[in-house]
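Visitor: Quick one: structure below, then a few questions.
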Amino acid sequence: MSDLRKFLALFNGITVNIEDDINFKSTDFSLELSKGKQEISGEKALNYFMICENKEKVLCDIIESVLDGEHVDDAENLFKRFANLSKTDISVIDFYDSLEILKTYCYAEDKFFPQPF
C-alpha cells in the first residue's frame with residue numbers, strides 16, 4: 001500500500017466523485033471529504049478507496065483522472081517510477097509497444113471512460 005500511495009502521489013490531483021460525506025478516523029489515517037465531485041491528492045484518493053463501499057467506481061475515477069494528456073506526456077517517467085515501486089511483468093518493450101495507443105486514447109475527444117461492473 002505504501003508503494004501505491006507513493007505512485008498516486010506523483011499525480012497533481014485525482015478527481016473522484018465522493019458518494020457521501022466522509023468523516024473517518026482510525027489509527028492509520030483520518031479522512032474528511034464532502035459529497036460530490038472533487039479533485040483530491042493521490043493519498044486521499046487511496047484512503048477513500050480503502051474505506052468506500054463502491055471500490056470499482058473509485059478505481060474507475062482514478063483511472064479516468066490519470067489517463068489524460070498531461071500525464072501521458074510524462075508517461076516514460078511515470079512508468080519508470082511505477083516499475084520501481086511495484087512487482088510487475090510489464091516490460092519496457094510492452095510499455096513502448098503500447099505508448100502510441102495510450103497517447104491516442106488520452107488525446108481522443110470521443111474516448112470512452114471506464115465503467116464499474
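Ordered as shown in the C-alpha cells, chains take letters A, B, and onward, while each chain numbers its residues from 1 and ligands are numbered from 1 in the order shown.
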Write out as JSON, numbers by chain the residues lying within 12 Å of range 66-82 of chain A, counting only C-alpha atoms and excluding same-chain residues fewer than 3 positions away.

Guide: {"A": [3, 4, 5, 6, 7, 8, 9, 10, 11, 12, 13, 14, 15, 16, 39, 41, 42, 45, 59, 60, 61, 62, 63, 85, 86, 87, 88, 89, 90, 91, 92, 93, 94, 95, 96, 98, 99, 100, 101, 102, 103, 104, 105, 106, 107, 108, 109, 111, 112, 113, 114]}

Visitor: Enter the distance from CA of Asn47 in chain A to CA of Phe29 in chain A, in Å, rounded to one decimal.

Guide: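 Atom-to-atom, CA of Asn47 in chain A to CA of Phe29 in chain A, that is 7.8 Å.
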
Visitor: Which of these, A:Met1, A:Leu33, A:Ile51, A:Ala83, has the shortest distance to Ile18 in chain A once you count only C-alpha atoms?

Guide: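 Among the listed residues, the smallest separation from Ile18 in chain A belongs to A:Leu33.
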
Visitor: As a ChimeraX atom specification, which residues of range 5-106 of chain A does DSSP assign to alpha helix (DSSP H)?

Guide: /A:5-8,42-51,55-66,69-72,75-85,92-106

Visitor: In Å, rounded to a single decimal, give me how far CA of Asn84 in chain A is from CA of Ile40 in chain A.

Guide: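 Between CA of Ile40 in chain A and CA of Asn84 in chain A the gap works out to 24.2 Å.
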
Visitor: Interatomic distance between CA of Glu56 in chain A and CA of Lys35 in chain A?

Guide: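 Atom-to-atom, CA of Glu56 in chain A and CA of Lys35 in chain A are spaced 17.5 Å apart.
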
Visitor: Give the strand (DSSP E) residues of chain A, as DSSP finds them on the backbone, and put them as a ChimeraX atom specification.

Guide: /A:14-18,22-25,30-33,36-40

Visitor: Write to file, as a tab-separated table (two decimals), in the first residue's frame, the residues of the selection just made, with all heavy atoms.

Guide:
```tsv
chain	number	residue	atom	x	y	z
A	14	ILE	N	-6.36	13.91	-8.28
A	14	ILE	CA	-7.21	12.86	-8.81
A	14	ILE	C	-8.66	13.27	-8.55
A	14	ILE	O	-9.02	13.58	-7.42
A	14	ILE	CB	-6.87	11.50	-8.17
A	14	ILE	CG1	-5.45	11.12	-8.57
A	14	ILE	CG2	-7.89	10.45	-8.57
A	14	ILE	CD1	-4.93	9.85	-7.97
A	15	THR	N	-9.45	13.29	-9.60
A	15	THR	CA	-10.84	13.68	-9.48
A	15	THR	C	-11.68	12.45	-9.18
A	15	THR	O	-11.65	11.47	-9.93
A	15	THR	CB	-11.33	14.37	-10.77
A	15	THR	OG1	-10.51	15.50	-11.03
A	15	THR	CG2	-12.77	14.82	-10.63
A	16	VAL	N	-12.38	12.50	-8.08
A	16	VAL	CA	-13.28	11.42	-7.69
A	16	VAL	C	-14.64	12.00	-7.33
A	16	VAL	O	-14.76	13.16	-6.94
A	16	VAL	CB	-12.73	10.58	-6.51
A	16	VAL	CG1	-11.48	9.83	-6.89
A	16	VAL	CG2	-12.48	11.44	-5.31
A	17	ASN	N	-15.65	11.17	-7.48
A	17	ASN	CA	-16.99	11.56	-7.09
A	17	ASN	C	-17.27	10.92	-5.74
A	17	ASN	O	-17.49	9.71	-5.65
A	17	ASN	CB	-18.01	11.12	-8.14
A	17	ASN	CG	-19.38	11.70	-7.88
A	17	ASN	OD1	-19.53	12.61	-7.07
A	17	ASN	ND2	-20.38	11.18	-8.56
A	18	ILE	N	-17.26	11.72	-4.70
A	18	ILE	CA	-17.49	11.23	-3.34
A	18	ILE	C	-18.99	11.00	-3.18
A	18	ILE	O	-19.78	11.92	-3.37
A	18	ILE	CB	-16.98	12.24	-2.29
A	18	ILE	CG1	-15.53	12.66	-2.58
A	18	ILE	CG2	-17.15	11.71	-0.88
A	18	ILE	CD1	-14.52	11.56	-2.57
A	22	ILE	N	-17.78	12.17	4.12
A	22	ILE	CA	-16.90	11.24	4.82
A	22	ILE	C	-16.28	11.96	6.01
A	22	ILE	O	-15.74	13.05	5.86
A	22	ILE	CB	-15.77	10.73	3.89
A	22	ILE	CG1	-16.31	10.04	2.66
A	22	ILE	CG2	-14.79	9.85	4.65
A	22	ILE	CD1	-16.98	8.73	2.90
A	23	ASN	N	-16.36	11.33	7.15
A	23	ASN	CA	-15.66	11.79	8.35
A	23	ASN	C	-15.15	10.53	9.04
A	23	ASN	O	-15.79	9.99	9.94
A	23	ASN	CB	-16.57	12.61	9.26
A	23	ASN	CG	-15.80	13.30	10.36
A	23	ASN	OD1	-14.59	13.13	10.48
A	23	ASN	ND2	-16.50	14.05	11.17
A	24	PHE	N	-13.98	10.06	8.59
A	24	PHE	CA	-13.43	8.78	9.03
A	24	PHE	C	-12.17	9.01	9.85
A	24	PHE	O	-11.31	9.80	9.46
A	24	PHE	CB	-13.10	7.92	7.80
A	24	PHE	CG	-12.47	6.60	8.12
A	24	PHE	CD1	-13.25	5.51	8.43
A	24	PHE	CD2	-11.09	6.47	8.11
A	24	PHE	CE1	-12.65	4.29	8.72
A	24	PHE	CE2	-10.48	5.25	8.40
A	24	PHE	CZ	-11.28	4.17	8.72
A	25	LYS	N	-12.08	8.30	10.94
A	25	LYS	CA	-10.87	8.36	11.77
A	25	LYS	C	-10.50	6.95	12.21
A	25	LYS	O	-11.35	6.18	12.62
A	25	LYS	CB	-11.11	9.24	13.00
A	25	LYS	CG	-11.26	10.71	12.68
A	25	LYS	CD	-11.45	11.53	13.94
A	25	LYS	CE	-11.42	12.98	13.66
A	25	LYS	NZ	-12.55	13.59	13.12
A	30	SER	N	-6.92	9.60	8.98
A	30	SER	CA	-8.20	10.31	9.10
A	30	SER	C	-8.54	10.84	7.72
A	30	SER	O	-7.65	11.20	6.95
A	30	SER	CB	-8.09	11.47	10.07
A	30	SER	OG	-7.80	11.02	11.36
A	31	LEU	N	-9.83	10.90	7.43
A	31	LEU	CA	-10.26	11.38	6.12
A	31	LEU	C	-11.58	12.12	6.26
A	31	LEU	O	-12.54	11.58	6.80
A	31	LEU	CB	-10.41	10.20	5.15
A	31	LEU	CG	-10.73	10.53	3.71
A	31	LEU	CD1	-9.60	11.33	3.07
A	31	LEU	CD2	-10.98	9.26	2.92
A	32	GLU	N	-11.58	13.35	5.79
A	32	GLU	CA	-12.80	14.15	5.81
A	32	GLU	C	-13.01	14.70	4.41
A	32	GLU	O	-12.17	15.44	3.88
A	32	GLU	CB	-12.68	15.29	6.82
A	32	GLU	CG	-13.98	16.01	7.07
A	32	GLU	CD	-13.88	16.98	8.23
A	32	GLU	OE1	-13.15	16.71	9.20
A	32	GLU	OE2	-14.56	18.01	8.14
A	33	LEU	N	-14.12	14.30	3.78
A	33	LEU	CA	-14.45	14.73	2.42
A	33	LEU	C	-15.93	15.05	2.34
A	33	LEU	O	-16.75	14.39	2.99
A	33	LEU	CB	-14.12	13.62	1.41
A	33	LEU	CG	-12.67	13.19	1.28
A	33	LEU	CD1	-12.54	11.91	0.48
A	33	LEU	CD2	-11.85	14.30	0.64
A	36	GLY	N	-19.73	14.81	-3.44
A	36	GLY	CA	-19.65	15.46	-4.74
A	36	GLY	C	-18.33	15.21	-5.45
A	36	GLY	O	-17.41	14.61	-4.91
A	37	LYS	N	-18.25	15.69	-6.68
A	37	LYS	CA	-17.05	15.52	-7.50
A	37	LYS	C	-16.01	16.55	-7.09
A	37	LYS	O	-16.32	17.73	-7.00
A	37	LYS	CB	-17.42	15.69	-8.97
A	37	LYS	CG	-16.40	15.20	-9.94
A	37	LYS	CD	-16.95	15.22	-11.34
A	37	LYS	CE	-16.01	14.48	-12.27
A	37	LYS	NZ	-16.59	14.34	-13.59
A	38	GLN	N	-14.80	16.08	-6.84
A	38	GLN	CA	-13.74	16.99	-6.42
A	38	GLN	C	-12.37	16.41	-6.72
A	38	GLN	O	-12.21	15.21	-6.89
A	38	GLN	CB	-13.86	17.32	-4.95
A	38	GLN	CG	-13.87	16.12	-4.02
A	38	GLN	CD	-14.29	16.50	-2.62
A	38	GLN	OE1	-13.52	17.13	-1.94
A	38	GLN	NE2	-15.49	16.12	-2.22
A	39	GLU	N	-11.39	17.30	-6.80
A	39	GLU	CA	-10.01	16.89	-7.02
A	39	GLU	C	-9.32	16.77	-5.67
A	39	GLU	O	-9.34	17.70	-4.88
A	39	GLU	CB	-9.28	17.90	-7.89
A	39	GLU	CG	-7.91	17.43	-8.31
A	39	GLU	CD	-7.28	18.35	-9.32
A	39	GLU	OE1	-7.85	18.52	-10.41
A	39	GLU	OE2	-6.21	18.90	-9.00
A	40	ILE	N	-8.73	15.60	-5.44
A	40	ILE	CA	-8.05	15.34	-4.17
A	40	ILE	C	-6.66	14.77	-4.46
A	40	ILE	O	-6.35	14.38	-5.58
A	40	ILE	CB	-8.87	14.39	-3.26
A	40	ILE	CG1	-9.11	13.04	-3.95
A	40	ILE	CG2	-10.18	15.03	-2.85
A	40	ILE	CD1	-9.86	12.01	-3.10
```

Visitor: Go through A:Asp110, A:Ser2, A:Phe117, A:Glu19 one by one, measure the shortest atom-to-atom distance of each to Glu53 in chain A using only C-alpha atoms, and give the residue with the smallest value.

Guide: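 Using only C-alpha atoms, Glu53 in chain A sits closest to A:Glu19.
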
Visitor: Counting only C-alpha atoms, figure out which residue out of A:Ser65, A:Ser34, A:Asp97, A:Lys57 gets nearest to Pro116 in chain A.

Guide: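 Smallest distance to Pro116 in chain A is found for A:Lys57.
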